[in-house]
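Report on the following structure.
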Amino acid sequence: ARINRHALDLKEMKMKICDIDTLLIDSPGRKWTIVRVFTDEGLVGLGEATYSNKEPVVVAAVEHMKQELIGEDPARIEYLWHKIWRISSLSGLWRMAGPGWMSALSGIDQALWDLKGKVANLPVVELLGGKFRDRVGVYTHFYGATPEQSAAVARQLVEAGYTALKSGALSGDGYRFDPYEDDGRPQETAAHFAAVREAVGPEIRLLIDCHGRFTVANCVRLARALEPYDLYAFEDPVPPEDLSAYPKVRREISIPVMGSERLNTKSHFRQLLDIDGVDIAQPDLMYAGGITEVRKIAAIADTYHVPISPHNTKGPIGIIAATHLMASIPNVAPMELVTGIEWRDEIITAPLRIEDSCVVLPEGPGWGIELDMDGVERHRWRPGDPR
């Protein structure tokens with residue numbers, strides 16, 4: 001049998017974590033935060049911990065966690081996850097579930113799964129129970145200053161092979177996100193979706209993102225203006241700090257409710273599911289604890305007959321990590337994919353395969369992708385960089 005050398009010597013070599021670092025990539029609107037976990041056997045695991053516009057906070061959190069992980073066995077993923085979860089105080093009485101902290105933990109967790117796959121010489125999806133599917137469906141985004149422009153962009157995306165498209169509700173307050181003043185400009189937003197629906201036909205799934213910024217009443221007004229256009233999902237209608245607002249919206253509209261990318265733990269999602277708040281759960285692999293926590297969120301959601309659709313607006317490491325998880329579970333809805341960053345694949349050794357509105361799983365061990373350090377250096381950001 002063909003067995004990886006690392007797998008043969010696993011008991012003898014007792015691999016240890018010897019270092020952890022971060023690389024920041026200067027992508028539009030955020031800094032992709034790549035976490036690398038190094039071992040004394042020379043293997044390196046990759047994860048992503050991007051938390052938009054708070055990247056230096058995440059980097060600092062990774063440095064703090066690193067001190068607890070040096071010398072540990074990287075194979076003990078569940079144990080290490082809980083060790084980090086509890087190190088907010090020496091007594092372990094506190095649990096840290098803030099977004100910056102959880103993003104750092106998420107990046108490290110992903111890197112540990114990548115390492116485990118490399119040691120076993122298997123794709124991570126095989127460690128998660130094997131393939132439920134070979135490729136994972138995605139949706140991408142259309143935008144336009146006018147309904148005609150939105151329709152033209154949507155038509156181009158459909159011609160490129162995408163079968164699900166999302167756009168945001170228009171803002172009445174310059175995107176200051178004042179929930180008391182902003183109502184999504186229902187008629188104007190509806191005009192964009194009307195034009196897009198006419199342009200792409202009835203088979204294409206259309207989604208709207210409310211960015212968690214409306215009152216319940218304004219959500220209902222917006223949704224009812226959109227109902228003639230047969231939307232697939234109504235994302236993050238209300239601010240997520242009040243989960244009880246979700247079922248209030250859901251009871252009043254016919255469009256399925258999706259949320260929330262801003263929740264950080266399985267407990268948060270269980271509470272949202274308990275109150276029948278969403279039709280589609282939307283954890284972010286980089287905000288909600290990585291593979292270890294999000295696979296539990298998916299399992300909990302499955303008991304409510306709710307699919308998951310990862311919020312997934314970051315770099316290629318995060319995209320592929322989410323793809324491995326989604327390929328291994330039964331309850332999936334199309335996940336998010338940002339297009340238009342032409343140099344994205346320059347930082348990895350082989351391009352992502354996007355075919356027929358799907359991400360295709362790589363075949364190699366771990367995530368199946370590695371960093372191209374020449375590309376990383378071309379697009380790397382460091383503190384003090386004016387870009």
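Simple scheme: letters A, B, ... for chains in structure tokens order, numbers from 1 for residues in each chain, numbers from 1 for ligands in the order shown.
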Exercise. Might you pull out every residue within 8 Å of A:Gly259, with only C-alpha atoms counted and same-chain residues fewer than 5 positions away left off, and present them as a PyMOL selection string?
Key: chain A and resi 235-236+278+280-283
Written selection (all heavy atoms) as a compact mmCIF listing (two decimals), in the first residue's frame:
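This is the output file result14.txt:
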```txt
# COMPACT_ATOMS: atom_id res chain seq x y z
N GLU A 235 -30.81 37.87 3.22
CA GLU A 235 -29.69 37.69 4.14
C GLU A 235 -29.60 38.78 5.20
O GLU A 235 -29.72 39.97 4.91
CB GLU A 235 -28.38 37.64 3.35
CG GLU A 235 -27.15 37.48 4.24
CD GLU A 235 -25.86 37.60 3.46
OE1 GLU A 235 -25.88 37.41 2.23
OE2 GLU A 235 -24.83 37.90 4.09
N ASP A 236 -29.33 38.36 6.43
CA ASP A 236 -29.06 39.23 7.57
C ASP A 236 -29.97 40.46 7.59
O ASP A 236 -29.52 41.60 7.49
CB ASP A 236 -27.58 39.66 7.55
CG ASP A 236 -26.71 38.68 8.34
OD1 ASP A 236 -27.27 37.78 8.98
OD2 ASP A 236 -25.49 38.83 8.31
N VAL A 278 -34.05 31.29 11.15
CA VAL A 278 -33.51 31.29 9.80
C VAL A 278 -33.93 30.03 9.05
O VAL A 278 -34.17 28.97 9.64
CB VAL A 278 -31.96 31.39 9.78
CG1 VAL A 278 -31.51 32.76 10.22
CG2 VAL A 278 -31.32 30.30 10.61
N ILE A 280 -31.80 29.34 6.34
CA ILE A 280 -30.45 28.97 5.91
C ILE A 280 -29.49 29.57 6.93
O ILE A 280 -29.55 30.78 7.21
CB ILE A 280 -30.13 29.51 4.50
CG1 ILE A 280 -31.13 29.00 3.47
CG2 ILE A 280 -28.71 29.12 4.09
CD1 ILE A 280 -31.05 29.71 2.12
N ALA A 281 -28.62 28.75 7.51
CA ALA A 281 -27.62 29.24 8.46
C ALA A 281 -26.36 29.65 7.71
O ALA A 281 -25.97 29.01 6.74
CB ALA A 281 -27.30 28.17 9.50
N GLN A 282 -25.73 30.72 8.19
CA GLN A 282 -24.65 31.33 7.41
C GLN A 282 -23.40 31.58 8.26
O GLN A 282 -22.94 32.71 8.40
CB GLN A 282 -25.15 32.65 6.82
CG GLN A 282 -24.27 33.21 5.74
CD GLN A 282 -24.73 34.59 5.32
OE1 GLN A 282 -25.40 35.29 6.06
NE2 GLN A 282 -24.35 34.99 4.12
N PRO A 283 -22.78 30.54 8.80
CA PRO A 283 -21.54 30.75 9.53
C PRO A 283 -20.41 31.13 8.59
O PRO A 283 -20.43 30.80 7.40
CB PRO A 283 -21.27 29.39 10.18
CG PRO A 283 -21.93 28.41 9.25
CD PRO A 283 -23.15 29.11 8.72
```
Self-check item: All helix (DSSP H, G or I) residues (DSSP, backbone) inside stretch 150-207 of chain A, as a list in words
Solution: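 Selection result, helix (DSSP H, G or I) within stretch 150-207 of chain A: Ser150, Ala151, Ala152, Val153, Ala154, Arg155, Gln156, Leu157, Val158, Glu159, Pro186, Gln187, Glu188, Thr189, Ala190, Ala191, His192, Phe193, Ala194, Ala195, Val196, Arg197, Glu198, Ala199 and Val200 of chain A.
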Now that the selection is made, can you save its residues with N, CA, C and O atoms as a short mmCIF file (atom, residue, chain, number, x, y, z; two decimals), in the first residue's frame?
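For reference, part06.cif as written:
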```cif
data_model
loop_
_atom_site.label_atom_id
_atom_site.label_comp_id
_atom_site.auth_asym_id
_atom_site.auth_seq_id
_atom_site.Cartn_x
_atom_site.Cartn_y
_atom_site.Cartn_z
N SER A 150 -27.22 46.86 -13.37
CA SER A 150 -27.30 45.61 -12.60
C SER A 150 -27.69 44.44 -13.50
O SER A 150 -27.11 43.35 -13.41
N ALA A 151 -28.64 44.66 -14.40
CA ALA A 151 -29.07 43.60 -15.30
C ALA A 151 -27.94 43.18 -16.24
O ALA A 151 -27.75 41.98 -16.50
N ALA A 152 -27.17 44.16 -16.72
CA ALA A 152 -26.06 43.83 -17.64
C ALA A 152 -24.99 43.01 -16.93
O ALA A 152 -24.47 42.04 -17.48
N VAL A 153 -24.64 43.41 -15.70
CA VAL A 153 -23.63 42.66 -14.94
C VAL A 153 -24.14 41.25 -14.64
O VAL A 153 -23.40 40.26 -14.79
N ALA A 154 -25.39 41.13 -14.24
CA ALA A 154 -25.96 39.82 -13.93
C ALA A 154 -25.95 38.92 -15.16
O ALA A 154 -25.63 37.73 -15.08
N ARG A 155 -26.29 39.50 -16.30
CA ARG A 155 -26.30 38.72 -17.53
C ARG A 155 -24.89 38.20 -17.86
O ARG A 155 -24.72 37.03 -18.25
N GLN A 156 -23.88 39.03 -17.67
CA GLN A 156 -22.49 38.61 -17.91
C GLN A 156 -22.09 37.46 -16.99
O GLN A 156 -21.42 36.51 -17.41
N LEU A 157 -22.50 37.54 -15.73
CA LEU A 157 -22.15 36.48 -14.78
C LEU A 157 -22.83 35.16 -15.14
O LEU A 157 -22.24 34.09 -15.03
N VAL A 158 -24.07 35.24 -15.57
CA VAL A 158 -24.76 34.03 -15.99
C VAL A 158 -24.10 33.44 -17.23
O VAL A 158 -23.92 32.22 -17.34
N GLU A 159 -23.71 34.29 -18.14
CA GLU A 159 -22.99 33.81 -19.34
C GLU A 159 -21.66 33.16 -18.96
O GLU A 159 -21.19 32.25 -19.65
N PRO A 186 -37.00 50.49 -0.64
CA PRO A 186 -37.66 49.30 -1.19
C PRO A 186 -37.96 49.36 -2.68
O PRO A 186 -37.69 48.41 -3.42
N GLN A 187 -38.56 50.45 -3.15
CA GLN A 187 -38.95 50.48 -4.56
C GLN A 187 -37.74 50.55 -5.48
O GLN A 187 -37.73 49.91 -6.55
N GLU A 188 -36.72 51.30 -5.08
CA GLU A 188 -35.52 51.38 -5.92
C GLU A 188 -34.77 50.06 -5.93
O GLU A 188 -34.30 49.60 -6.98
N THR A 189 -34.64 49.43 -4.76
CA THR A 189 -34.00 48.11 -4.70
C THR A 189 -34.78 47.11 -5.53
O THR A 189 -34.20 46.32 -6.30
N ALA A 190 -36.09 47.13 -5.41
CA ALA A 190 -36.92 46.20 -6.18
C ALA A 190 -36.77 46.41 -7.68
O ALA A 190 -36.81 45.45 -8.46
N ALA A 191 -36.55 47.65 -8.10
CA ALA A 191 -36.37 47.92 -9.53
C ALA A 191 -35.12 47.23 -10.07
O ALA A 191 -35.11 46.72 -11.21
N HIS A 192 -34.05 47.20 -9.27
CA HIS A 192 -32.84 46.48 -9.69
C HIS A 192 -33.12 44.99 -9.85
O HIS A 192 -32.72 44.37 -10.84
N PHE A 193 -33.80 44.41 -8.85
CA PHE A 193 -34.07 42.97 -8.91
C PHE A 193 -35.08 42.63 -10.01
O PHE A 193 -34.99 41.56 -10.62
N ALA A 194 -35.98 43.52 -10.29
CA ALA A 194 -36.91 43.29 -11.39
C ALA A 194 -36.17 43.23 -12.72
O ALA A 194 -36.42 42.34 -13.55
N ALA A 195 -35.23 44.17 -12.91
CA ALA A 195 -34.46 44.19 -14.15
C ALA A 195 -33.57 42.95 -14.27
O ALA A 195 -33.43 42.37 -15.35
N VAL A 196 -32.98 42.55 -13.14
CA VAL A 196 -32.10 41.37 -13.17
C VAL A 196 -32.92 40.11 -13.44
O VAL A 196 -32.52 39.26 -14.25
N ARG A 197 -34.06 39.98 -12.78
CA ARG A 197 -34.88 38.79 -13.01
C ARG A 197 -35.29 38.69 -14.46
O ARG A 197 -35.25 37.60 -15.07
N GLU A 198 -35.66 39.79 -15.07
CA GLU A 198 -36.03 39.78 -16.48
C GLU A 198 -34.84 39.40 -17.35
O GLU A 198 -34.98 38.68 -18.35
N ALA A 199 -33.64 39.86 -16.96
CA ALA A 199 -32.45 39.61 -17.77
C ALA A 199 -31.97 38.17 -17.69
O ALA A 199 -31.48 37.62 -18.69
N VAL A 200 -32.09 37.54 -16.52
CA VAL A 200 -31.48 36.22 -16.34
C VAL A 200 -32.50 35.08 -16.38
O VAL A 200 -32.11 33.91 -16.43
#
```
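Of all the residues in stretch 204-354 of chain A, the ones DSSP labels as strand (DSSP E) from the backbone are Arg205, Leu206, Leu207, Ile208, Asp209, Ala233, Phe234, Glu235, Val257, Met258, Gly259, Ile280, Ala281, Met335, Glu336, Arg353 and Ile354 of chain A.
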Exercise. Skip stretch 55-57 of chain A itself and residues of its chain fewer than 4 positions away, then list as a PyMOL selection string all residues within 9 Å of it, counting only C-alpha atoms.
Key: chain A and resi 24+30-33+49-51+61-62+100-101+104+383
I'd like a table as a tab-separated table: residues in stretch 224-317 of chain A with an atom no more than 12 Å from stretch 361-376 of chain A, each row giving the shortest atom pair and its distance in Å to one decimal, only C-alpha atoms counted, sorted by chain and rising residue number.
```
residue	atom	partner	partner_atom	distance
A:Ile291	CA	A:Trp367	CA	11.9
A:Gly315	CA	A:Leu371	CA	11.6
A:Pro316	CA	A:Ile369	CA	8.9
A:Ile317	CA	A:Ile369	CA	7.9
```
Self-check item: Length of the atom CA of A:Ile253 to atom CA of A:Val338 vector [Å]
Solution: 27.6 Å
Quiz item: For A:Tyr229, which of A:Arg250, A:Arg295, A:Arg205, A:His211 is the closest residue, counting only C-alpha atoms?
Solution: A:Arg205
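With distances restricted to only C-alpha atoms, A:Leu206 is the closest residue to A:Glu227 from A:Leu206, A:Ala111, A:Met102, A:Leu243.
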Exercise. Counting only C-alpha atoms, figure out which residue out of A:Leu272, A:Asn53, A:Phe142, A:Arg76 gets nearest to A:Asp26.
Key: A:Asn53
